[in-house]
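J.: The file below is start-v4.txt, compact mmCIF, C-alpha atoms:
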```txt
# COMPACT_ATOMS: atom_id res chain seq x y z
CA MET Q 1 0.00 0.00 0.00
CA ILE Q 2 1.45 3.35 -1.00
CA GLU Q 3 1.48 6.46 1.18
CA LYS Q 4 -1.17 8.18 -0.92
CA GLU Q 5 -3.54 5.26 -0.38
CA VAL Q 6 -3.00 5.35 3.38
CA GLN Q 7 -3.90 9.05 3.37
CA PHE Q 8 -6.92 8.34 1.21
CA ILE Q 9 -8.12 5.70 3.68
CA SER Q 10 -7.69 8.02 6.65
CA ALA Q 11 -9.59 10.81 4.94
CA TYR Q 12 -12.31 8.38 3.80
CA ILE Q 13 -12.79 7.04 7.30
CA ASP Q 14 -12.72 10.51 8.87
CA GLY Q 15 -15.27 11.82 6.38
CA THR Q 16 -12.93 14.53 5.15
CA LEU Q 17 -12.78 13.47 1.48
CA SER Q 18 -14.49 15.72 -1.03
CA ASP Q 19 -17.39 14.15 -2.99
CA SER Q 20 -15.38 13.75 -6.20
CA ARG Q 21 -12.43 12.20 -4.33
CA LYS Q 22 -14.80 9.92 -2.45
CA GLU Q 23 -16.22 8.61 -5.71
CA GLU Q 24 -12.72 8.09 -7.09
CA PHE Q 25 -11.72 6.21 -3.96
CA GLU Q 26 -14.84 4.04 -3.91
CA ASN Q 27 -14.10 3.00 -7.50
CA LEU Q 28 -10.58 2.04 -6.52
CA LEU Q 29 -11.91 0.05 -3.55
CA LYS Q 30 -13.91 -2.26 -5.80
CA SER Q 31 -10.77 -3.83 -7.23
CA ARG Q 32 -8.58 -3.83 -4.12
CA SER Q 33 -9.26 -6.33 -1.36
CA ASP Q 34 -6.20 -5.15 0.62
CA LEU Q 35 -7.74 -1.66 0.88
CA GLN Q 36 -11.08 -3.13 1.91
CA GLU Q 37 -9.40 -5.06 4.72
CA GLU Q 38 -7.58 -1.93 5.85
CA ILE Q 39 -10.87 -0.05 5.95
CA LEU Q 40 -12.51 -2.76 8.04
CA MET Q 41 -9.59 -2.58 10.46
CA ARG Q 42 -9.83 1.20 10.65
CA ARG Q 43 -13.58 1.04 11.23
CA ALA Q 44 -13.02 -1.32 14.15
CA GLN Q 45 -10.50 1.18 15.49
CA ILE Q 46 -13.03 4.02 15.18
CA SER Q 47 -15.66 2.00 16.96
CA LYS Q 48 -13.20 1.50 19.84
CA ILE Q 49 -12.47 5.22 19.88
CA THR Q 50 -16.19 6.03 19.86
CA SER Q 51 -16.73 3.82 22.87
CA ALA Q 52 -14.01 5.77 24.72
CA ILE Q 53 -16.01 9.00 24.42
CA PRO Q 54 -18.09 9.41 27.58
CA LYS Q 55 -21.83 9.24 27.10
CA ALA Q 56 -23.11 11.04 30.14
CA LYS Q 57 -26.65 10.22 31.11
CA ILE Q 58 -28.58 13.20 32.33
CA SER Q 59 -30.67 12.64 35.47
CA GLN Q 60 -34.31 13.66 35.60
CA GLU Q 61 -33.49 16.14 38.35
CA THR Q 62 -30.74 17.80 36.28
CA ARG Q 63 -32.97 17.94 33.21
CA GLU Q 64 -35.76 19.61 35.19
CA SER Q 65 -33.37 22.07 36.74
CA ILE Q 66 -31.96 23.04 33.31
CA GLU Q 67 -35.43 23.35 31.80
CA LEU Q 68 -36.62 25.54 34.67
CA GLU Q 69 -33.67 27.90 34.15
CA ILE Q 70 -34.40 28.06 30.42
CA LYS Q 71 -38.07 28.88 31.06
CA THR Q 72 -37.09 31.61 33.51
CA THR Q 73 -34.68 33.17 31.03
CA LEU Q 74 -37.24 32.97 28.23
CA SER Q 75 -39.85 34.74 30.35
CA LYS Q 76 -37.38 37.49 31.26
CA VAL Q 77 -35.82 38.00 27.83
CA ILE Q 78 -38.42 37.25 25.17
CA THR Q 79 -41.12 39.87 24.79
CA GLN Q 80 -44.52 38.32 24.40
CA LYS Q 81 -47.19 40.09 22.40
CA LYS Q 82 -50.24 40.20 24.65
CA LEU Q 83 -52.65 39.18 21.92
CA GLY Q 84 -53.91 36.23 23.93
CA LEU Q 85 -55.13 38.47 26.73
CA TRP Q 86 -56.85 40.85 24.34
CA GLU Q 87 -58.58 37.97 22.57
CA LYS Q 88 -60.06 36.82 25.89
CA LEU Q 89 -61.16 40.34 26.86
CA LYS Q 90 -62.64 40.96 23.43
CA ASP Q 91 -64.74 37.77 23.65
CA LYS Q 92 -66.03 38.77 27.11
CA PHE Q 93 -66.72 42.31 25.96
CA SER Q 94 -68.65 41.33 22.86
CA SER Q 95 -70.81 38.76 24.68
CA HIS Q 96 -72.39 41.53 26.82
CA MET F 1 -41.90 33.01 17.86
CA LYS F 2 -43.53 32.52 21.24
CA ARG F 3 -41.70 31.48 24.38
CA LYS F 4 -43.52 28.19 24.40
CA GLU F 5 -42.38 27.45 20.84
CA ILE F 6 -38.78 28.41 21.59
CA PHE F 7 -38.85 26.17 24.64
CA SER F 8 -40.26 23.28 22.62
CA LEU F 9 -37.36 23.70 20.21
CA ILE F 10 -34.69 23.79 22.90
CA SER F 11 -36.05 21.17 25.30
CA PRO F 12 -35.34 18.05 23.13
CA LEU F 13 -31.74 19.27 22.72
CA VAL F 14 -30.96 19.37 26.45
CA GLU F 15 -29.72 15.78 26.63
CA GLN F 16 -27.27 16.14 23.72
CA LEU F 17 -26.09 19.52 25.00
CA TYR F 18 -25.44 17.95 28.41
CA GLN F 19 -23.46 15.12 26.83
CA PHE F 20 -21.39 17.62 24.90
CA ALA F 21 -20.82 19.75 28.02
CA PHE F 22 -19.83 16.68 30.04
CA ALA F 23 -17.26 15.69 27.41
CA LEU F 24 -15.67 19.12 27.89
CA LEU F 25 -15.93 19.39 31.69
CA PRO F 26 -16.58 15.97 33.26
CA ASP F 27 -18.44 17.02 36.35
CA GLU F 28 -22.22 16.87 36.73
CA LEU F 29 -22.61 20.32 38.26
CA GLU F 30 -20.16 21.98 35.86
CA ALA F 31 -21.84 20.35 32.87
CA GLU F 32 -25.29 21.39 34.10
CA GLN F 33 -24.11 24.97 34.58
CA LEU F 34 -22.44 24.97 31.16
CA VAL F 35 -25.71 23.96 29.51
CA ILE F 36 -27.72 26.57 31.44
CA ASP F 37 -25.24 29.35 30.67
CA GLY F 38 -24.80 28.26 27.06
CA VAL F 39 -28.54 28.18 26.37
CA ASN F 40 -29.15 31.44 28.25
CA GLY F 41 -26.30 33.11 26.37
CA PHE F 42 -27.87 31.97 23.11
CA ILE F 43 -31.33 33.30 24.08
CA ILE F 44 -29.95 36.68 25.14
CA LYS F 45 -27.70 37.06 22.09
CA GLU F 46 -30.35 35.95 19.61
CA LYS F 47 -33.30 37.70 21.33
CA LYS F 48 -34.26 39.77 18.28
CA LEU F 49 -34.01 36.82 15.93
CA LEU F 50 -36.03 34.57 18.23
CA GLU F 51 -38.78 37.17 18.66
CA SER F 52 -39.04 37.80 14.95
CA LEU F 53 -38.88 34.16 13.78
CA GLU F 54 -42.10 33.07 12.16
CA VAL F 55 -41.26 29.74 10.65
CA GLU F 56 -42.31 26.15 11.06
CA ILE F 57 -40.35 24.22 13.66
CA ASP F 58 -38.39 21.64 11.72
CA ASN F 59 -35.13 19.73 12.04
CA GLU F 60 -33.22 22.41 10.16
CA LEU F 61 -34.22 25.06 12.68
CA ARG F 62 -33.50 22.73 15.60
CA ARG F 63 -30.08 22.04 14.14
CA PHE F 64 -29.44 25.79 13.81
CA PHE F 65 -30.34 26.23 17.48
CA PHE F 66 -28.11 23.30 18.45
CA GLN F 67 -25.19 24.71 16.48
CA LYS F 68 -25.47 28.10 18.16
CA MET F 69 -25.82 26.65 21.66
CA VAL F 70 -22.90 24.26 21.17
CA GLY F 71 -20.83 27.28 20.12
CA HIS F 72 -21.74 29.11 23.35
CA ILE F 73 -21.01 26.04 25.51
CA TYR F 74 -17.65 25.48 23.81
CA SER F 75 -16.65 29.09 24.25
CA LEU F 76 -17.62 29.07 27.97
CA ALA F 77 -15.82 25.76 28.56
CA ASN F 78 -12.66 27.25 27.06
CA LYS F 79 -12.73 29.90 29.78
CA ARG F 80 -13.72 27.56 32.64
CA ILE F 81 -11.26 24.79 31.87
CA MET F 82 -8.48 26.81 33.55
CA GLN F 83 -10.11 26.36 36.97
CA PHE F 84 -10.99 22.75 36.35
CA LYS F 85 -8.95 19.72 37.43
CA LEU F 86 -9.20 16.87 34.96
CA ASN F 87 -8.73 13.23 35.77
CA HIS F 88 -5.94 12.25 33.39
CA GLU F 89 -6.41 8.54 33.98
CA ASP F 90 -9.11 8.50 31.34
CA PRO F 91 -7.39 8.64 27.90
CA PHE F 92 -10.22 10.74 26.45
CA TYR F 93 -9.58 13.50 29.00
CA ARG F 94 -5.90 13.61 28.06
CA LEU F 95 -6.99 15.15 24.77
CA PRO F 96 -7.11 18.96 24.58
CA LEU F 97 -10.55 20.56 25.06
CA ARG F 98 -10.85 21.45 21.35
CA ASP F 99 -10.19 17.86 20.32
CA ARG F 100 -12.65 16.47 22.86
CA ALA F 101 -15.29 18.77 21.39
CA ILE F 102 -14.42 17.66 17.84
CA MET F 103 -14.40 13.95 18.69
CA THR F 104 -17.73 14.13 20.55
CA LEU F 105 -19.44 15.92 17.68
CA ARG F 106 -17.84 13.70 15.04
CA TYR F 107 -18.04 10.22 16.53
CA GLN F 108 -20.72 10.37 19.16
CA MET F 109 -23.14 12.73 17.43
CA ASN F 110 -22.15 11.91 13.84
CA TYR F 111 -21.69 15.45 12.55
CA ALA F 112 -19.63 15.94 9.40
CA PRO F 113 -16.36 17.91 9.63
CA GLU F 114 -17.90 20.86 7.74
CA ASN F 115 -20.66 21.09 10.40
CA ILE F 116 -18.15 20.89 13.24
CA GLU F 117 -16.26 23.77 11.66
CA ASP F 118 -19.42 25.91 11.93
CA PHE F 119 -20.38 24.64 15.39
CA LEU F 120 -17.06 25.49 17.01
CA GLY F 121 -16.14 28.47 14.83
CA ILE F 122 -12.78 26.98 13.86
CA ALA F 123 -11.09 26.34 10.51
CA ARG F 124 -11.60 23.13 8.54
CA TRP F 125 -7.92 22.22 8.89
CA GLU F 126 -8.24 22.46 12.68
CA VAL F 127 -11.13 19.98 12.62
CA ILE F 128 -9.15 17.56 10.45
CA GLU F 129 -6.05 18.02 12.59
CA GLY F 130 -8.12 17.40 15.74
CA ILE F 131 -9.60 14.19 14.34
CA HIS F 132 -6.20 12.87 13.19
CA ASN F 133 -4.36 13.75 16.39
CA SER F 134 -7.06 12.36 18.66
CA ARG F 135 -7.33 9.15 16.71
CA PHE F 136 -3.58 8.71 16.84
CA MET F 137 -3.37 9.47 20.57
CA LEU F 138 -6.30 7.28 21.56
CA THR F 139 -5.16 4.35 19.40
CA ASN F 140 -1.67 4.54 20.91
CA GLN F 141 -3.19 4.65 24.36
CA PHE F 142 -5.27 1.55 23.70
CA GLN F 143 -2.21 -0.29 22.38
CA GLU F 144 -0.20 0.69 25.46
CA ASN F 145 -2.99 -0.52 27.73
CA GLU F 146 -3.13 -3.83 25.91
CA LEU F 147 0.60 -4.47 26.41
```
Kindly return the structure encoded in the file as C-alpha cells.

T.:
Amino acid sequence: MIEKEVQFISAYIDGTLSDSRKEEFENLLKSRSDLQEEILMRRAQISKITSAIPKAKISQETRESIELEIKTTLSKVITQKKLGLWEKLKDKFSSH
Amino acid sequence: MKRKEIFSLISPLVEQLYQFAFALLPDELEAEQLVIDGVNGFIIKEKKLLESLEVEIDNELRRFFFQKMVGHIYSLANKRIMQFKLNHEDPFYRLPLRDRAIMTLRYQMNYAPENIEDFLGIARWEVIEGIHNSRFMLTNQFQENEL
C-alpha cells in the first residue's frame, strides 16, 4: 500500500474526502481487497475510539433544573405580544 | 416566535447539550451549569431573531439552534477549563478541550467535519487536525494498555 492510499483511507474514514475524491476512492476500492481489509480494520479502530467518548446520562433532576432555568430566562428575555389576553377580553366584551 | 415554541425547540436538545458539556468538563454540576449558561447566552444574544422568527419548527431550525448553543457552551468551557482539574487517567480527558469537542461531535453525534467547523467556529484544517491527532493518541493509548 502506497502512502497516498493510506492518506486516502484516513480521509475516507474521517469523512474529510471531497465528494469527487470519495467517488474516485470508492471505485478504486472495488478492485482492491487489501484496501477493503484496511478499511474494516480502521472502522473497528473508530468503533473502539467512539466507545471511549463518555456518554453522560442526564438525570431527571438535572434535566428539570436546566429546563426551569431556560423557562425563567425565556420569560425574562423574550417579549410576548399580549394578543392572547386581548382575545379573551374581546370575547367577554362582545358577549355583553 | 412565542416562548412556548422556543422552549419546545430547545427542550429536546438538552440531553445532547449535556453530553457535549460533560465531554468538555466531566463534572455533573459543571456540565449542568455549562448547559444553562450556554442556552441562556444563546437566548440573550439571539433575542431579536427569536422574537421575529415566524417559521415552522423543523429539524433544520432545531439544528441551527443546536449549532449556536454548542458554540456558546464550547466558548464558555474554554474559559472555565483553567479552573478545572481533569482526571488524566481517562485517555479521552488527556486530549485537549478542542479535540474532545471535535471527537464528541464527530463520533458520538455523527456530525460531518464541515458542520463541526461551523459549530465550534474553527477552521476546517483544525477539525481535520483534531480528528487525526485524537485518533492517533487514543489508538496509541489503547495499544499501550493492551501491552

J.: Using all atoms listed in the file, I'd like every residue of chain F that has an atom within 8 Å of chain Q; please write them out as a PyMOL selection string.

T.: chain F and resi 2-3+7+11+14-15+18-19+22-23+32+35-36+39-40+43-44+47+50-51+91-92+103-104+107-108+112-113+128+131+135+138-139

J.: Dump C-alpha atoms for the selected residues as a PDB file, keeping the file's coordinate frame?

T.:
```pdb
ATOM      1  CA  LYS F   2     -43.530  32.520  21.240  1.00  0.00           C
ATOM      2  CA  ARG F   3     -41.700  31.480  24.380  1.00  0.00           C
ATOM      3  CA  PHE F   7     -38.850  26.170  24.640  1.00  0.00           C
ATOM      4  CA  SER F  11     -36.050  21.170  25.300  1.00  0.00           C
ATOM      5  CA  VAL F  14     -30.960  19.370  26.450  1.00  0.00           C
ATOM      6  CA  GLU F  15     -29.720  15.780  26.630  1.00  0.00           C
ATOM      7  CA  TYR F  18     -25.440  17.950  28.410  1.00  0.00           C
ATOM      8  CA  GLN F  19     -23.460  15.120  26.830  1.00  0.00           C
ATOM      9  CA  PHE F  22     -19.830  16.680  30.040  1.00  0.00           C
ATOM     10  CA  ALA F  23     -17.260  15.690  27.410  1.00  0.00           C
ATOM     11  CA  GLU F  32     -25.290  21.390  34.100  1.00  0.00           C
ATOM     12  CA  VAL F  35     -25.710  23.960  29.510  1.00  0.00           C
ATOM     13  CA  ILE F  36     -27.720  26.570  31.440  1.00  0.00           C
ATOM     14  CA  VAL F  39     -28.540  28.180  26.370  1.00  0.00           C
ATOM     15  CA  ASN F  40     -29.150  31.440  28.250  1.00  0.00           C
ATOM     16  CA  ILE F  43     -31.330  33.300  24.080  1.00  0.00           C
ATOM     17  CA  ILE F  44     -29.950  36.680  25.140  1.00  0.00           C
ATOM     18  CA  LYS F  47     -33.300  37.700  21.330  1.00  0.00           C
ATOM     19  CA  LEU F  50     -36.030  34.570  18.230  1.00  0.00           C
ATOM     20  CA  GLU F  51     -38.780  37.170  18.660  1.00  0.00           C
ATOM     21  CA  PRO F  91      -7.390   8.640  27.900  1.00  0.00           C
ATOM     22  CA  PHE F  92     -10.220  10.740  26.450  1.00  0.00           C
ATOM     23  CA  MET F 103     -14.400  13.950  18.690  1.00  0.00           C
ATOM     24  CA  THR F 104     -17.730  14.130  20.550  1.00  0.00           C
ATOM     25  CA  TYR F 107     -18.040  10.220  16.530  1.00  0.00           C
ATOM     26  CA  GLN F 108     -20.720  10.370  19.160  1.00  0.00           C
ATOM     27  CA  ALA F 112     -19.630  15.940   9.400  1.00  0.00           C
ATOM     28  CA  PRO F 113     -16.360  17.910   9.630  1.00  0.00           C
ATOM     29  CA  ILE F 128      -9.150  17.560  10.450  1.00  0.00           C
ATOM     30  CA  ILE F 131      -9.600  14.190  14.340  1.00  0.00           C
ATOM     31  CA  ARG F 135      -7.330   9.150  16.710  1.00  0.00           C
ATOM     32  CA  LEU F 138      -6.300   7.280  21.560  1.00  0.00           C
ATOM     33  CA  THR F 139      -5.160   4.350  19.400  1.00  0.00           C
TER      34      THR F 139
END
```

J.: I need the residue nearest Ala21 in chain F from this list: F:Gln143, F:Ser75, F:Ser52, F:Ser8. Use all atoms listed in the file for the distance.

T.: F:Ser75

J.: Can you tell me, as a list in words, what residues are no more than 12 Å from Gln36 in chain Q when counting all atoms listed in the file, ignoring any on the same chain fewer than 5 positions away?

T.: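 Skipping anything fewer than 5 positions along the chain leaves Met1, Glu5, Val6, Ile9, Tyr12, Ile13, Phe25, Glu26, Asn27, Leu28, Leu29, Lys30, Ser31, Met41, Arg42 and Arg43 of chain Q.
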
J.: As an exercise, work out the distance from CA of Phe64 in chain F to CA of Lys4 in chain F in Å and give it to one decimal place.

T.: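 It comes out at 17.8 Å.
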
J.: Can you measure CA of Leu40 in chain Q to CA of Arg21 in chain Q for me? One decimal in Å is fine.

T.: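 We find that CA of Leu40 in chain Q and CA of Arg21 in chain Q lie 19.4 Å from each other.
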
J.: Hey, can you check how far CA of Met69 in chain F sits from CA of Gly130 in chain F?

T.: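 Here the two named atoms are 20.8 Å from each other.
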
J.: Here's a test: counting all atoms listed in the file, identify every protein, DNA and RNA residue with an atom at most 10 Å from (-12.1, 21.7, 13.1) in the file's coordinate frame, and state them as a VMD selection string.

T.: chain F and resid 98 to 99 101 to 103 113 to 131

J.: Looking at F:Ala31, F:Leu24, F:Leu86, F:Ile6, which one is nearest to Leu49 in chain F, with distances taken over all atoms listed in the file?

T.: F:Ile6

J.: Restricting the calculation to all atoms listed in the file, which member of F:Arg106, F:Lys79, F:Ile73, F:Asp90 is positioned closest to Phe142 in chain F?

T.: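 Nearest to Phe142 in chain F: F:Asp90.
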
J.: Given the choices F:Met109, F:Glu30, F:Ile10, F:Met1, which gets closest to Lys85 in chain F if the distance is worked out from only C-alpha atoms?

T.: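 Comparing F:Met109, F:Glu30, F:Ile10, F:Met1 against Lys85 in chain F, the winner is F:Glu30.
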
J.: Rebuild range 57-68 of chain Q so that it carries all heavy atoms, then output the result as a PDB file, in the frame of the given file.

T.:
```
ATOM      1  N   LYS Q  57     -25.189  10.309  31.056  1.00  0.00           N
ATOM      2  CA  LYS Q  57     -26.650  10.220  31.110  1.00  0.00           C
ATOM      3  C   LYS Q  57     -27.151  11.316  32.037  1.00  0.00           C
ATOM      4  O   LYS Q  57     -26.703  11.436  33.166  1.00  0.00           O
ATOM      5  CB  LYS Q  57     -27.028   8.823  31.641  1.00  0.00           C
ATOM      6  CG  LYS Q  57     -28.493   8.536  31.629  1.00  0.00           C
ATOM      7  CD  LYS Q  57     -28.895   7.734  30.391  1.00  0.00           C
ATOM      8  CE  LYS Q  57     -30.401   7.538  30.327  1.00  0.00           C
ATOM      9  NZ  LYS Q  57     -31.118   8.527  29.554  1.00  0.00           N
ATOM     10  N   ILE Q  58     -28.050  12.096  31.524  1.00  0.00           N
ATOM     11  CA  ILE Q  58     -28.580  13.200  32.330  1.00  0.00           C
ATOM     12  C   ILE Q  58     -29.674  12.668  33.267  1.00  0.00           C
ATOM     13  O   ILE Q  58     -30.516  11.867  32.841  1.00  0.00           O
ATOM     14  CB  ILE Q  58     -29.111  14.339  31.407  1.00  0.00           C
ATOM     15  CG1 ILE Q  58     -29.434  15.593  32.199  1.00  0.00           C
ATOM     16  CG2 ILE Q  58     -30.289  13.896  30.581  1.00  0.00           C
ATOM     17  CD1 ILE Q  58     -29.687  16.817  31.328  1.00  0.00           C
ATOM     18  N   SER Q  59     -29.636  13.104  34.533  1.00  0.00           N
ATOM     19  CA  SER Q  59     -30.670  12.640  35.470  1.00  0.00           C
ATOM     20  C   SER Q  59     -31.930  13.493  35.276  1.00  0.00           C
ATOM     21  O   SER Q  59     -31.865  14.607  34.757  1.00  0.00           O
ATOM     22  CB  SER Q  59     -30.171  12.765  36.910  1.00  0.00           C
ATOM     23  OG  SER Q  59     -30.025  14.127  37.236  1.00  0.00           O
ATOM     24  N   GLN Q  60     -33.038  12.948  35.723  1.00  0.00           N
ATOM     25  CA  GLN Q  60     -34.310  13.660  35.600  1.00  0.00           C
ATOM     26  C   GLN Q  60     -34.250  14.990  36.348  1.00  0.00           C
ATOM     27  O   GLN Q  60     -34.716  16.020  35.861  1.00  0.00           O
ATOM     28  CB  GLN Q  60     -35.429  12.766  36.170  1.00  0.00           C
ATOM     29  CG  GLN Q  60     -36.835  13.276  35.946  1.00  0.00           C
ATOM     30  CD  GLN Q  60     -37.176  13.448  34.472  1.00  0.00           C
ATOM     31  OE1 GLN Q  60     -36.612  12.771  33.612  1.00  0.00           O
ATOM     32  NE2 GLN Q  60     -38.050  14.388  34.165  1.00  0.00           N
ATOM     33  N   GLU Q  61     -33.603  14.950  37.509  1.00  0.00           N
ATOM     34  CA  GLU Q  61     -33.490  16.140  38.350  1.00  0.00           C
ATOM     35  C   GLU Q  61     -32.706  17.239  37.626  1.00  0.00           C
ATOM     36  O   GLU Q  61     -33.095  18.410  37.612  1.00  0.00           O
ATOM     37  CB  GLU Q  61     -32.758  15.734  39.646  1.00  0.00           C
ATOM     38  CG  GLU Q  61     -32.852  16.742  40.748  1.00  0.00           C
ATOM     39  CD  GLU Q  61     -31.941  16.376  41.921  1.00  0.00           C
ATOM     40  OE1 GLU Q  61     -31.499  15.200  42.001  1.00  0.00           O
ATOM     41  OE2 GLU Q  61     -31.656  17.258  42.717  1.00  0.00           O
ATOM     42  N   THR Q  62     -31.574  16.837  37.007  1.00  0.00           N
ATOM     43  CA  THR Q  62     -30.740  17.800  36.280  1.00  0.00           C
ATOM     44  C   THR Q  62     -31.505  18.378  35.091  1.00  0.00           C
ATOM     45  O   THR Q  62     -31.482  19.579  34.837  1.00  0.00           O
ATOM     46  CB  THR Q  62     -29.437  17.121  35.788  1.00  0.00           C
ATOM     47  OG1 THR Q  62     -28.800  16.542  36.905  1.00  0.00           O
ATOM     48  CG2 THR Q  62     -28.518  18.095  35.106  1.00  0.00           C
ATOM     49  N   ARG Q  63     -32.197  17.484  34.376  1.00  0.00           N
ATOM     50  CA  ARG Q  63     -32.970  17.940  33.210  1.00  0.00           C
ATOM     51  C   ARG Q  63     -34.008  18.982  33.628  1.00  0.00           C
ATOM     52  O   ARG Q  63     -34.136  20.031  33.011  1.00  0.00           O
ATOM     53  CB  ARG Q  63     -33.658  16.736  32.547  1.00  0.00           C
ATOM     54  CG  ARG Q  63     -34.608  17.120  31.450  1.00  0.00           C
ATOM     55  CD  ARG Q  63     -35.296  15.902  30.908  1.00  0.00           C
ATOM     56  NE  ARG Q  63     -34.559  15.318  29.816  1.00  0.00           N
ATOM     57  CZ  ARG Q  63     -34.567  15.807  28.575  1.00  0.00           C
ATOM     58  NH1 ARG Q  63     -35.258  16.882  28.289  1.00  0.00           N
ATOM     59  NH2 ARG Q  63     -33.882  15.235  27.632  1.00  0.00           N
ATOM     60  N   GLU Q  64     -34.717  18.677  34.728  1.00  0.00           N
ATOM     61  CA  GLU Q  64     -35.760  19.610  35.190  1.00  0.00           C
ATOM     62  C   GLU Q  64     -35.168  20.930  35.627  1.00  0.00           C
ATOM     63  O   GLU Q  64     -35.732  21.989  35.349  1.00  0.00           O
ATOM     64  CB  GLU Q  64     -36.549  18.970  36.345  1.00  0.00           C
ATOM     65  CG  GLU Q  64     -37.549  17.934  35.840  1.00  0.00           C
ATOM     66  CD  GLU Q  64     -38.162  17.090  36.947  1.00  0.00           C
ATOM     67  OE1 GLU Q  64     -37.894  17.360  38.149  1.00  0.00           O
ATOM     68  OE2 GLU Q  64     -38.873  16.132  36.607  1.00  0.00           O
ATOM     69  N   SER Q  65     -34.010  20.844  36.272  1.00  0.00           N
ATOM     70  CA  SER Q  65     -33.370  22.070  36.740  1.00  0.00           C
ATOM     71  C   SER Q  65     -32.938  22.947  35.543  1.00  0.00           C
ATOM     72  O   SER Q  65     -33.129  24.164  35.540  1.00  0.00           O
ATOM     73  CB  SER Q  65     -32.185  21.676  37.624  1.00  0.00           C
ATOM     74  OG  SER Q  65     -31.209  22.649  37.621  1.00  0.00           O
ATOM     75  N   ILE Q  66     -32.384  22.298  34.518  1.00  0.00           N
ATOM     76  CA  ILE Q  66     -31.960  23.040  33.310  1.00  0.00           C
ATOM     77  C   ILE Q  66     -33.183  23.650  32.625  1.00  0.00           C
ATOM     78  O   ILE Q  66     -33.188  24.832  32.256  1.00  0.00           O
ATOM     79  CB  ILE Q  66     -31.190  22.107  32.336  1.00  0.00           C
ATOM     80  CG1 ILE Q  66     -29.840  21.699  32.936  1.00  0.00           C
ATOM     81  CG2 ILE Q  66     -30.972  22.788  30.988  1.00  0.00           C
ATOM     82  CD1 ILE Q  66     -29.068  20.632  32.134  1.00  0.00           C
ATOM     83  N   GLU Q  67     -34.231  22.860  32.503  1.00  0.00           N
ATOM     84  CA  GLU Q  67     -35.430  23.350  31.800  1.00  0.00           C
ATOM     85  C   GLU Q  67     -36.086  24.519  32.552  1.00  0.00           C
ATOM     86  O   GLU Q  67     -36.573  25.461  31.923  1.00  0.00           O
ATOM     87  CB  GLU Q  67     -36.419  22.203  31.591  1.00  0.00           C
ATOM     88  CG  GLU Q  67     -35.915  21.236  30.538  1.00  0.00           C
ATOM     89  CD  GLU Q  67     -36.880  20.127  30.173  1.00  0.00           C
ATOM     90  OE1 GLU Q  67     -37.843  19.902  30.931  1.00  0.00           O
ATOM     91  OE2 GLU Q  67     -36.655  19.473  29.141  1.00  0.00           O
ATOM     92  N   LEU Q  68     -36.043  24.445  33.874  1.00  0.00           N
ATOM     93  CA  LEU Q  68     -36.620  25.540  34.670  1.00  0.00           C
ATOM     94  C   LEU Q  68     -35.848  26.831  34.422  1.00  0.00           C
ATOM     95  O   LEU Q  68     -36.428  27.906  34.245  1.00  0.00           O
ATOM     96  CB  LEU Q  68     -36.599  25.153  36.154  1.00  0.00           C
ATOM     97  CG  LEU Q  68     -37.248  26.158  37.101  1.00  0.00           C
ATOM     98  CD1 LEU Q  68     -38.756  26.231  36.862  1.00  0.00           C
ATOM     99  CD2 LEU Q  68     -36.982  25.775  38.555  1.00  0.00           C
TER     100      LEU Q  68
END
```
